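S.K.: This is the content of data.cif (mmCIF, N, CA and C atoms):
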data_model
loop_
_atom_site.label_atom_id
_atom_site.label_comp_id
_atom_site.auth_asym_id
_atom_site.auth_seq_id
_atom_site.Cartn_x
_atom_site.Cartn_y
_atom_site.Cartn_z
N GLN X 22 -8.82 0.18 15.18
CA GLN X 22 -8.16 -0.31 13.97
C GLN X 22 -7.42 0.85 13.30
N VAL X 23 -6.16 0.64 12.99
CA VAL X 23 -5.33 1.64 12.34
C VAL X 23 -5.23 1.32 10.86
N GLN X 24 -5.44 2.31 10.03
CA GLN X 24 -5.28 2.13 8.59
C GLN X 24 -4.04 2.87 8.13
N LEU X 25 -3.25 2.20 7.31
CA LEU X 25 -2.04 2.77 6.74
C LEU X 25 -2.19 2.76 5.23
N VAL X 26 -1.92 3.90 4.60
CA VAL X 26 -2.07 4.00 3.15
C VAL X 26 -0.78 4.55 2.56
N GLU X 27 -0.13 3.73 1.72
CA GLU X 27 1.10 4.15 1.06
C GLU X 27 0.80 4.85 -0.26
N SER X 28 1.72 5.70 -0.65
CA SER X 28 1.62 6.36 -1.95
C SER X 28 3.02 6.73 -2.41
N GLY X 29 3.13 7.08 -3.69
CA GLY X 29 4.40 7.56 -4.20
C GLY X 29 5.18 6.57 -5.04
N GLY X 30 4.68 5.34 -5.14
CA GLY X 30 5.39 4.38 -5.97
C GLY X 30 5.26 4.70 -7.44
N GLY X 31 6.03 3.96 -8.25
CA GLY X 31 5.96 4.18 -9.69
C GLY X 31 7.13 3.57 -10.40
N LEU X 32 7.30 3.98 -11.65
CA LEU X 32 8.38 3.50 -12.49
C LEU X 32 9.46 4.58 -12.58
N VAL X 33 10.69 4.17 -12.37
CA VAL X 33 11.80 5.12 -12.40
C VAL X 33 13.01 4.43 -13.00
N GLN X 34 13.86 5.20 -13.65
CA GLN X 34 15.08 4.64 -14.21
C GLN X 34 16.12 4.44 -13.13
N ALA X 35 17.00 3.50 -13.36
CA ALA X 35 18.10 3.27 -12.42
C ALA X 35 18.88 4.57 -12.23
N GLY X 36 19.22 4.83 -10.96
CA GLY X 36 19.91 6.06 -10.62
C GLY X 36 18.97 7.18 -10.21
N GLY X 37 17.70 6.98 -10.43
CA GLY X 37 16.70 8.00 -10.11
C GLY X 37 16.26 7.94 -8.66
N SER X 38 15.26 8.77 -8.36
CA SER X 38 14.77 8.89 -6.99
C SER X 38 13.25 8.79 -6.94
N LEU X 39 12.76 8.34 -5.80
CA LEU X 39 11.33 8.32 -5.50
C LEU X 39 11.15 8.59 -4.03
N ARG X 40 10.00 9.16 -3.70
CA ARG X 40 9.66 9.38 -2.30
C ARG X 40 8.35 8.70 -2.00
N LEU X 41 8.39 7.75 -1.09
CA LEU X 41 7.18 7.06 -0.66
C LEU X 41 6.64 7.72 0.60
N SER X 42 5.33 7.75 0.71
CA SER X 42 4.69 8.27 1.91
C SER X 42 3.69 7.27 2.45
N CYS X 43 3.48 7.32 3.73
CA CYS X 43 2.51 6.44 4.39
C CYS X 43 1.70 7.31 5.34
N ALA X 44 0.41 7.35 5.10
CA ALA X 44 -0.49 8.13 5.95
C ALA X 44 -1.23 7.20 6.89
N ALA X 45 -1.27 7.57 8.16
CA ALA X 45 -1.90 6.73 9.17
C ALA X 45 -3.18 7.37 9.69
N SER X 46 -4.16 6.52 9.96
CA SER X 46 -5.43 7.02 10.48
C SER X 46 -5.39 7.21 11.99
N ASP X 47 -4.35 6.72 12.62
CA ASP X 47 -4.23 6.77 14.07
C ASP X 47 -4.05 8.21 14.53
N ARG X 48 -4.97 8.67 15.38
CA ARG X 48 -4.86 10.04 15.87
C ARG X 48 -3.72 10.21 16.86
N THR X 49 -3.26 9.08 17.40
CA THR X 49 -2.11 9.13 18.30
C THR X 49 -0.90 8.57 17.58
N PHE X 50 -0.62 9.13 16.40
CA PHE X 50 0.41 8.58 15.53
C PHE X 50 1.77 8.56 16.19
N SER X 51 1.99 9.39 17.17
CA SER X 51 3.30 9.42 17.81
C SER X 51 3.55 8.16 18.63
N ASN X 52 2.50 7.32 18.80
CA ASN X 52 2.68 6.11 19.60
C ASN X 52 3.50 5.02 18.93
N PRO X 53 3.23 4.68 17.67
CA PRO X 53 3.92 3.53 17.12
C PRO X 53 5.29 3.85 16.53
N ASN X 54 6.17 2.84 16.63
CA ASN X 54 7.35 2.83 15.78
C ASN X 54 6.89 2.44 14.38
N MET X 55 7.58 2.91 13.37
CA MET X 55 7.15 2.66 12.01
C MET X 55 8.27 2.03 11.19
N GLY X 56 7.87 1.15 10.30
CA GLY X 56 8.86 0.50 9.45
C GLY X 56 8.43 0.45 8.00
N TRP X 57 9.40 0.32 7.13
CA TRP X 57 9.18 0.06 5.70
C TRP X 57 9.77 -1.31 5.38
N PHE X 58 9.01 -2.10 4.68
CA PHE X 58 9.44 -3.40 4.19
C PHE X 58 9.18 -3.46 2.69
N ARG X 59 9.77 -4.44 2.04
CA ARG X 59 9.51 -4.63 0.63
C ARG X 59 9.50 -6.11 0.30
N GLN X 60 8.80 -6.42 -0.76
CA GLN X 60 8.72 -7.81 -1.20
C GLN X 60 8.77 -7.86 -2.72
N ALA X 61 9.77 -8.53 -3.22
CA ALA X 61 9.92 -8.73 -4.66
C ALA X 61 9.28 -10.06 -5.04
N PRO X 62 8.91 -10.22 -6.30
CA PRO X 62 8.28 -11.48 -6.72
C PRO X 62 9.14 -12.69 -6.41
N GLY X 63 8.54 -13.68 -5.77
CA GLY X 63 9.25 -14.90 -5.46
C GLY X 63 10.18 -14.82 -4.27
N LYS X 64 10.17 -13.67 -3.58
CA LYS X 64 11.06 -13.50 -2.44
C LYS X 64 10.25 -13.20 -1.18
N GLU X 65 10.90 -13.40 -0.04
CA GLU X 65 10.26 -13.08 1.22
C GLU X 65 10.26 -11.57 1.46
N ARG X 66 9.32 -11.15 2.30
CA ARG X 66 9.29 -9.75 2.68
C ARG X 66 10.56 -9.42 3.47
N GLU X 67 11.18 -8.29 3.14
CA GLU X 67 12.42 -7.94 3.81
C GLU X 67 12.36 -6.52 4.38
N PHE X 68 13.09 -6.35 5.45
CA PHE X 68 13.18 -5.07 6.13
C PHE X 68 13.94 -4.07 5.27
N VAL X 69 13.45 -2.83 5.27
CA VAL X 69 14.13 -1.75 4.55
C VAL X 69 14.63 -0.69 5.53
N ALA X 70 13.70 -0.18 6.36
CA ALA X 70 14.06 0.90 7.28
C ALA X 70 13.04 0.97 8.40
N GLY X 71 13.46 1.49 9.55
CA GLY X 71 12.55 1.67 10.67
C GLY X 71 12.87 2.96 11.40
N ILE X 72 11.87 3.52 12.06
CA ILE X 72 12.04 4.77 12.78
C ILE X 72 11.24 4.71 14.08
N SER X 73 11.84 5.19 15.15
CA SER X 73 11.20 5.14 16.45
C SER X 73 10.10 6.19 16.58
N ARG X 74 9.36 6.10 17.68
CA ARG X 74 8.22 6.99 17.91
C ARG X 74 8.58 8.45 17.76
N SER X 75 9.69 8.82 18.35
CA SER X 75 10.08 10.22 18.34
C SER X 75 10.81 10.63 17.06
N GLY X 76 11.24 9.63 16.31
CA GLY X 76 12.06 9.89 15.14
C GLY X 76 13.54 9.96 15.45
N GLY X 77 13.88 9.75 16.71
CA GLY X 77 15.27 9.90 17.11
C GLY X 77 16.16 8.71 16.79
N THR X 78 15.53 7.57 16.52
CA THR X 78 16.29 6.36 16.20
C THR X 78 15.83 5.82 14.85
N THR X 79 16.79 5.55 13.99
CA THR X 79 16.48 4.97 12.68
C THR X 79 17.39 3.78 12.41
N TYR X 80 16.87 2.86 11.62
CA TYR X 80 17.62 1.68 11.21
C TYR X 80 17.43 1.48 9.71
N TYR X 81 18.44 0.91 9.09
CA TYR X 81 18.37 0.63 7.66
C TYR X 81 18.96 -0.73 7.36
N ALA X 82 18.42 -1.36 6.35
CA ALA X 82 19.05 -2.55 5.82
C ALA X 82 20.35 -2.14 5.15
N ASP X 83 21.32 -3.03 5.20
CA ASP X 83 22.62 -2.72 4.60
C ASP X 83 22.49 -2.40 3.12
N SER X 84 21.54 -3.03 2.47
CA SER X 84 21.39 -2.87 1.02
C SER X 84 20.91 -1.47 0.63
N VAL X 85 20.34 -0.72 1.58
CA VAL X 85 19.82 0.61 1.24
C VAL X 85 20.52 1.72 2.01
N LYS X 86 21.39 1.37 2.92
CA LYS X 86 22.06 2.38 3.74
C LYS X 86 22.83 3.35 2.87
N GLY X 87 22.65 4.62 3.14
CA GLY X 87 23.32 5.65 2.35
C GLY X 87 22.53 6.09 1.13
N ARG X 88 21.50 5.33 0.78
CA ARG X 88 20.68 5.68 -0.39
C ARG X 88 19.25 6.04 0.00
N PHE X 89 18.74 5.43 1.06
CA PHE X 89 17.37 5.66 1.51
C PHE X 89 17.38 6.41 2.84
N THR X 90 16.36 7.24 3.04
CA THR X 90 16.21 7.96 4.30
C THR X 90 14.76 7.87 4.76
N ILE X 91 14.58 7.41 5.99
CA ILE X 91 13.25 7.34 6.58
C ILE X 91 13.04 8.54 7.49
N SER X 92 11.84 9.08 7.47
CA SER X 92 11.51 10.22 8.33
C SER X 92 10.04 10.15 8.69
N ARG X 93 9.64 10.94 9.69
CA ARG X 93 8.24 10.94 10.07
C ARG X 93 7.81 12.34 10.48
N ASP X 94 6.54 12.59 10.33
CA ASP X 94 5.93 13.86 10.73
C ASP X 94 4.74 13.52 11.61
N ASN X 95 4.96 13.52 12.90
CA ASN X 95 3.89 13.11 13.83
C ASN X 95 2.72 14.10 13.82
N ALA X 96 2.97 15.33 13.49
CA ALA X 96 1.88 16.31 13.45
C ALA X 96 0.90 15.99 12.32
N ASN X 97 1.41 15.37 11.26
CA ASN X 97 0.57 15.06 10.11
C ASN X 97 0.37 13.56 9.91
N ASN X 98 0.78 12.77 10.91
CA ASN X 98 0.54 11.32 10.87
C ASN X 98 1.11 10.66 9.61
N THR X 99 2.32 11.02 9.25
CA THR X 99 2.91 10.42 8.07
C THR X 99 4.34 9.95 8.33
N VAL X 100 4.73 8.95 7.59
CA VAL X 100 6.11 8.51 7.57
C VAL X 100 6.52 8.41 6.11
N SER X 101 7.75 8.78 5.81
CA SER X 101 8.21 8.83 4.43
C SER X 101 9.48 8.01 4.25
N LEU X 102 9.70 7.62 3.02
CA LEU X 102 10.94 6.93 2.65
C LEU X 102 11.46 7.59 1.38
N GLN X 103 12.52 8.35 1.52
CA GLN X 103 13.18 8.98 0.38
C GLN X 103 14.19 8.01 -0.17
N MET X 104 14.02 7.65 -1.45
CA MET X 104 14.88 6.66 -2.07
C MET X 104 15.66 7.32 -3.20
N SER X 105 16.98 7.18 -3.15
CA SER X 105 17.84 7.77 -4.16
C SER X 105 18.77 6.70 -4.72
N SER X 106 19.40 7.03 -5.83
CA SER X 106 20.33 6.09 -6.47
C SER X 106 19.71 4.71 -6.60
N LEU X 107 18.50 4.69 -7.09
CA LEU X 107 17.76 3.44 -7.16
C LEU X 107 18.40 2.46 -8.13
N LYS X 108 18.30 1.19 -7.78
CA LYS X 108 18.85 0.10 -8.57
C LYS X 108 17.72 -0.84 -8.97
N SER X 109 17.99 -1.65 -9.97
CA SER X 109 16.97 -2.58 -10.43
C SER X 109 16.56 -3.54 -9.31
N GLU X 110 17.50 -3.86 -8.44
CA GLU X 110 17.19 -4.78 -7.34
C GLU X 110 16.32 -4.15 -6.26
N ASP X 111 16.03 -2.86 -6.36
CA ASP X 111 15.10 -2.22 -5.44
C ASP X 111 13.65 -2.42 -5.88
N THR X 112 13.47 -3.00 -7.05
CA THR X 112 12.11 -3.24 -7.54
C THR X 112 11.37 -4.19 -6.61
N ALA X 113 10.22 -3.75 -6.14
CA ALA X 113 9.43 -4.54 -5.18
C ALA X 113 8.14 -3.78 -4.86
N VAL X 114 7.27 -4.46 -4.14
CA VAL X 114 6.15 -3.79 -3.50
C VAL X 114 6.62 -3.34 -2.12
N TYR X 115 6.42 -2.07 -1.82
CA TYR X 115 6.87 -1.51 -0.57
C TYR X 115 5.68 -1.32 0.37
N TYR X 116 5.88 -1.74 1.62
CA TYR X 116 4.83 -1.67 2.63
C TYR X 116 5.30 -0.86 3.82
N CYS X 117 4.42 -0.05 4.37
CA CYS X 117 4.72 0.55 5.66
C CYS X 117 3.97 -0.24 6.73
N ALA X 118 4.49 -0.19 7.93
CA ALA X 118 3.93 -0.98 9.02
C ALA X 118 4.11 -0.24 10.35
N ALA X 119 3.21 -0.51 11.28
CA ALA X 119 3.22 0.15 12.59
C ALA X 119 3.43 -0.87 13.70
N ASN X 120 4.36 -0.55 14.57
CA ASN X 120 4.67 -1.39 15.74
C ASN X 120 4.26 -0.66 17.01
N TYR X 121 3.30 -1.26 17.74
CA TYR X 121 2.82 -0.66 18.98
C TYR X 121 3.40 -1.35 20.21
N GLY X 122 4.63 -1.79 20.12
CA GLY X 122 5.27 -2.43 21.25
C GLY X 122 5.35 -1.52 22.46
N TYR X 123 5.33 -2.11 23.64
CA TYR X 123 5.32 -1.34 24.87
C TYR X 123 6.71 -0.96 25.34
N SER X 124 7.72 -1.55 24.74
CA SER X 124 9.06 -1.21 25.15
C SER X 124 9.37 0.25 24.84
N THR X 125 10.07 0.88 25.77
CA THR X 125 10.44 2.27 25.54
C THR X 125 11.61 2.38 24.58
N THR X 126 12.25 1.26 24.31
CA THR X 126 13.39 1.25 23.40
C THR X 126 13.02 0.49 22.13
N TYR X 127 13.33 1.08 21.01
CA TYR X 127 13.05 0.48 19.70
C TYR X 127 14.35 -0.18 19.23
N TYR X 128 14.43 -1.48 19.45
CA TYR X 128 15.64 -2.21 19.11
C TYR X 128 15.64 -2.56 17.63
N ARG X 129 16.82 -2.75 17.09
CA ARG X 129 16.93 -3.13 15.69
C ARG X 129 16.27 -4.49 15.45
N SER X 130 16.40 -5.36 16.43
CA SER X 130 15.79 -6.69 16.29
C SER X 130 14.27 -6.58 16.15
N THR X 131 13.70 -5.59 16.79
CA THR X 131 12.26 -5.35 16.63
C THR X 131 11.97 -4.72 15.28
N ALA X 132 12.77 -3.73 14.93
CA ALA X 132 12.54 -2.99 13.69
C ALA X 132 12.56 -3.92 12.48
N ALA X 133 13.46 -4.87 12.49
CA ALA X 133 13.69 -5.69 11.30
C ALA X 133 12.80 -6.93 11.22
N ASN X 134 11.99 -7.15 12.24
CA ASN X 134 11.17 -8.36 12.30
C ASN X 134 9.73 -8.05 11.91
N PRO X 135 9.26 -8.49 10.76
CA PRO X 135 7.90 -8.17 10.34
C PRO X 135 6.84 -8.68 11.31
N ALA X 136 7.15 -9.74 12.05
CA ALA X 136 6.19 -10.29 13.00
C ALA X 136 5.92 -9.36 14.17
N ARG X 137 6.76 -8.36 14.36
CA ARG X 137 6.60 -7.44 15.47
C ARG X 137 5.71 -6.25 15.14
N TYR X 138 5.20 -6.20 13.92
CA TYR X 138 4.37 -5.08 13.49
C TYR X 138 2.90 -5.48 13.54
N ASP X 139 2.10 -4.54 13.97
CA ASP X 139 0.70 -4.81 14.24
C ASP X 139 -0.23 -4.45 13.08
N TYR X 140 0.14 -3.47 12.31
CA TYR X 140 -0.70 -3.02 11.19
C TYR X 140 0.18 -2.81 9.97
N TRP X 141 -0.43 -3.08 8.81
CA TRP X 141 0.28 -2.98 7.53
C TRP X 141 -0.57 -2.22 6.53
N GLY X 142 0.12 -1.50 5.65
CA GLY X 142 -0.56 -0.89 4.53
C GLY X 142 -0.75 -1.90 3.41
N GLN X 143 -1.37 -1.47 2.34
CA GLN X 143 -1.68 -2.36 1.22
C GLN X 143 -0.51 -2.50 0.25
N GLY X 144 0.47 -1.63 0.37
CA GLY X 144 1.65 -1.71 -0.48
C GLY X 144 1.59 -0.79 -1.68
N THR X 145 2.75 -0.37 -2.15
CA THR X 145 2.86 0.44 -3.35
C THR X 145 4.02 -0.11 -4.19
N GLN X 146 3.79 -0.22 -5.48
CA GLN X 146 4.78 -0.83 -6.37
C GLN X 146 5.86 0.17 -6.76
N VAL X 147 7.10 -0.26 -6.64
CA VAL X 147 8.25 0.51 -7.12
C VAL X 147 8.96 -0.36 -8.16
N THR X 148 9.10 0.17 -9.35
CA THR X 148 9.77 -0.54 -10.42
C THR X 148 10.92 0.32 -10.92
N VAL X 149 12.12 -0.25 -10.88
CA VAL X 149 13.31 0.45 -11.34
C VAL X 149 13.80 -0.22 -12.61
N SER X 150 13.82 0.54 -13.69
CA SER X 150 14.25 -0.02 -14.97
C SER X 150 15.76 0.20 -15.14
N ALA X 151 16.39 -0.80 -15.75
CA ALA X 151 17.84 -0.74 -15.92
C ALA X 151 18.23 0.25 -17.01
#
Take the structure in this file and express it as structure tokens.
M.R.:
Amino acid sequence: QVQLVESGGGLVQAGGSLRLSCAASDRTFSNPNMGWFRQAPGKEREFVAGISRSGGTTYYADSVKGRFTISRDNANNTVSLQMSSLKSEDTAVYYCAANYGYSTTYYRSTAANPARYDYWGQGTQVTVSA
């Protein structure tokens, strides 16, 4: 069983920045592809960003491209999401997730599909005030 724990959420003014982190209990952290999703009240969970096992491939939702950056540190079993130029519409609970797919290629279709992820964190709240 893999445990994922997010941290770094909080309240920030529009235009500000936050850095989310996700710590994994998996000792073989380099195995899974990792993703960030978010869910706002009354809305479905949506894809934010994904990163491949090696960190060499990244994907972003159009709504965050150019503002958010996903990265990972396999030596320390963490994945991060640096968020800048935050907008009120970024307000949501943010979740990290791990995909242990056997494919050697991390396709965008996999990255963006929450059903393809095997483990999820408990979420961290991000609130952006106007």
S.K.: Need the shell around Ser46 in chain X: protein/DNA/RNA residues with any atom at most 8 Å away, counting only C-alpha atoms. Skip same-chain ones fewer than 4 positions apart. Format as a list in words?
M.R.: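 Final neighbour list, sorted by chain and number: Val23, Gln24, Leu25, Phe50 and Asn98 of chain X.
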S.K.: Any chance you could resolve the PyMOL selection byres ((chain X and resi 35) around 6) against this file and give the residues as a ChimeraX atom specification?
M.R.: /X:33-34,36-37,106-109,149-151
S.K.: Give as a PyMOL selection string the set of residues within 8 Å of the point (6.3, 8.1, 10.3), where distances use the file's coordinates and all atoms listed in the file.
M.R.: chain X and resi 43-45+50+53-56+72-74+76+91-95+98-101
S.K.: Measuring atom to atom with only C-alpha atoms, identify which of X:Met104, X:Thr112, X:Gln146, X:Ser75 is nearest to Thr126 in chain X.
M.R.: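 Going through X:Met104, X:Thr112, X:Gln146, X:Ser75 one by one, the smallest distance to Thr126 in chain X is for X:Ser75.
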S.K.: Could you jot down the CA of Ala113 in chain X to CA of Glu65 in chain X separation for me, Å, one decimal place?
M.R.: 10.7 Å
S.K.: Residues within 8 Å of Ala82 in chain X, please, as number ranges by chain. Count all atoms listed in the file; anything in the same chain fewer than 4 positions from it doesn't count.
M.R.: X: 67-71, 86-87
S.K.: Which is closer to Val114 in chain X than all the others in X:Phe89, X:Arg59, X:Leu39, X:Thr148, using all atoms listed in the file?
M.R.: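 So, comparing all the options, the nearest one is X:Arg59.
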S.K.: Could you pull out all residues of chain X with a DSSP call of alpha helix (DSSP H) and give them as a PDB file with N, CA and C atoms, in the frame of the given file?
M.R.:
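Result file is selection_27.pdb:
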ATOM      1  N   ARG X 129      16.820  -2.750  17.090  1.00  0.00           N
ATOM      2  CA  ARG X 129      16.930  -3.130  15.690  1.00  0.00           C
ATOM      3  C   ARG X 129      16.270  -4.490  15.450  1.00  0.00           C
ATOM      4  N   SER X 130      16.400  -5.360  16.430  1.00  0.00           N
ATOM      5  CA  SER X 130      15.790  -6.690  16.290  1.00  0.00           C
ATOM      6  C   SER X 130      14.270  -6.580  16.150  1.00  0.00           C
ATOM      7  N   THR X 131      13.700  -5.590  16.790  1.00  0.00           N
ATOM      8  CA  THR X 131      12.260  -5.350  16.630  1.00  0.00           C
ATOM      9  C   THR X 131      11.970  -4.720  15.280  1.00  0.00           C
ATOM     10  N   ALA X 132      12.770  -3.730  14.930  1.00  0.00           N
ATOM     11  CA  ALA X 132      12.540  -2.990  13.690  1.00  0.00           C
ATOM     12  C   ALA X 132      12.560  -3.920  12.480  1.00  0.00           C
TER      13      ALA X 132
END
S.K.: Pick out each residue of chain X that DSSP on the backbone tags as strand (DSSP E); I need them as a VMD selection string.
M.R.: chain X and resid 25 to 28 31 to 34 39 to 45 54 to 60 67 to 72 79 to 81 89 to 94 99 to 104 113 to 120 140 to 141 145 to 150
S.K.: One decimal, in Å: what's the spacing between atom C of Thr145 in chain X and CA of Phe58 in chain X?
M.R.: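 It comes out at 10.5 Å.
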S.K.: Counting only C-alpha atoms, which of X:Ala96, X:Ala119, X:Leu102, X:Ala132 gets nearest to Gln22 in chain X?
M.R.: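 Looking only at the distances to Gln22 in chain X, the closest residue turns out to be X:Ala119.
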S.K.: Between CA of Tyr115 in chain X and atom C of Gln143 in chain X, measure the distance and give it in Å to one decimal.
M.R.: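 It comes out at 7.5 Å.
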S.K.: Hey, could you patch up range 118-133 of chain X with N, CA, C and O atoms and hand it over as a compact mmCIF listing (two decimals), in the frame of the given file?
M.R.:
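Okay, this is what ended up in result00.txt:
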# COMPACT_ATOMS: atom_id res chain seq x y z
N ALA X 118 4.49 -0.19 7.93
CA ALA X 118 3.93 -0.98 9.02
C ALA X 118 4.11 -0.24 10.35
O ALA X 118 5.06 0.54 10.50
N ALA X 119 3.21 -0.51 11.28
CA ALA X 119 3.22 0.15 12.59
C ALA X 119 3.43 -0.87 13.70
O ALA X 119 2.76 -1.90 13.75
N ASN X 120 4.36 -0.55 14.57
CA ASN X 120 4.67 -1.39 15.74
C ASN X 120 4.26 -0.66 17.01
O ASN X 120 4.78 0.41 17.31
N TYR X 121 3.30 -1.26 17.74
CA TYR X 121 2.82 -0.66 18.98
C TYR X 121 3.40 -1.35 20.21
O TYR X 121 2.75 -1.49 21.23
N GLY X 122 4.63 -1.79 20.12
CA GLY X 122 5.27 -2.43 21.25
C GLY X 122 5.35 -1.52 22.46
O GLY X 122 5.41 -0.30 22.34
N TYR X 123 5.33 -2.11 23.64
CA TYR X 123 5.32 -1.34 24.87
C TYR X 123 6.71 -0.96 25.34
O TYR X 123 6.86 -0.16 26.25
N SER X 124 7.72 -1.55 24.74
CA SER X 124 9.06 -1.21 25.15
C SER X 124 9.37 0.25 24.84
O SER X 124 8.96 0.77 23.81
N THR X 125 10.07 0.88 25.77
CA THR X 125 10.44 2.27 25.54
C THR X 125 11.61 2.38 24.58
O THR X 125 11.91 3.46 24.09
N THR X 126 12.25 1.26 24.31
CA THR X 126 13.39 1.25 23.40
C THR X 126 13.02 0.49 22.13
O THR X 126 12.46 -0.59 22.18
N TYR X 127 13.33 1.08 21.01
CA TYR X 127 13.05 0.48 19.70
C TYR X 127 14.35 -0.18 19.23
O TYR X 127 15.24 0.48 18.71
N TYR X 128 14.43 -1.48 19.45
CA TYR X 128 15.64 -2.21 19.11
C TYR X 128 15.64 -2.56 17.63
O TYR X 128 14.58 -2.75 17.02
N ARG X 129 16.82 -2.75 17.09
CA ARG X 129 16.93 -3.13 15.69
C ARG X 129 16.27 -4.49 15.45
O ARG X 129 15.66 -4.72 14.40
N SER X 130 16.40 -5.36 16.43
CA SER X 130 15.79 -6.69 16.29
C SER X 130 14.27 -6.58 16.15
O SER X 130 13.65 -7.41 15.46
N THR X 131 13.70 -5.59 16.79
CA THR X 131 12.26 -5.35 16.63
C THR X 131 11.97 -4.72 15.28
O THR X 131 11.06 -5.13 14.56
N ALA X 132 12.77 -3.73 14.93
CA ALA X 132 12.54 -2.99 13.69
C ALA X 132 12.56 -3.92 12.48
O ALA X 132 11.77 -3.75 11.55
N ALA X 133 13.46 -4.87 12.49
CA ALA X 133 13.69 -5.69 11.30
C ALA X 133 12.80 -6.93 11.22
O ALA X 133 12.87 -7.66 10.24
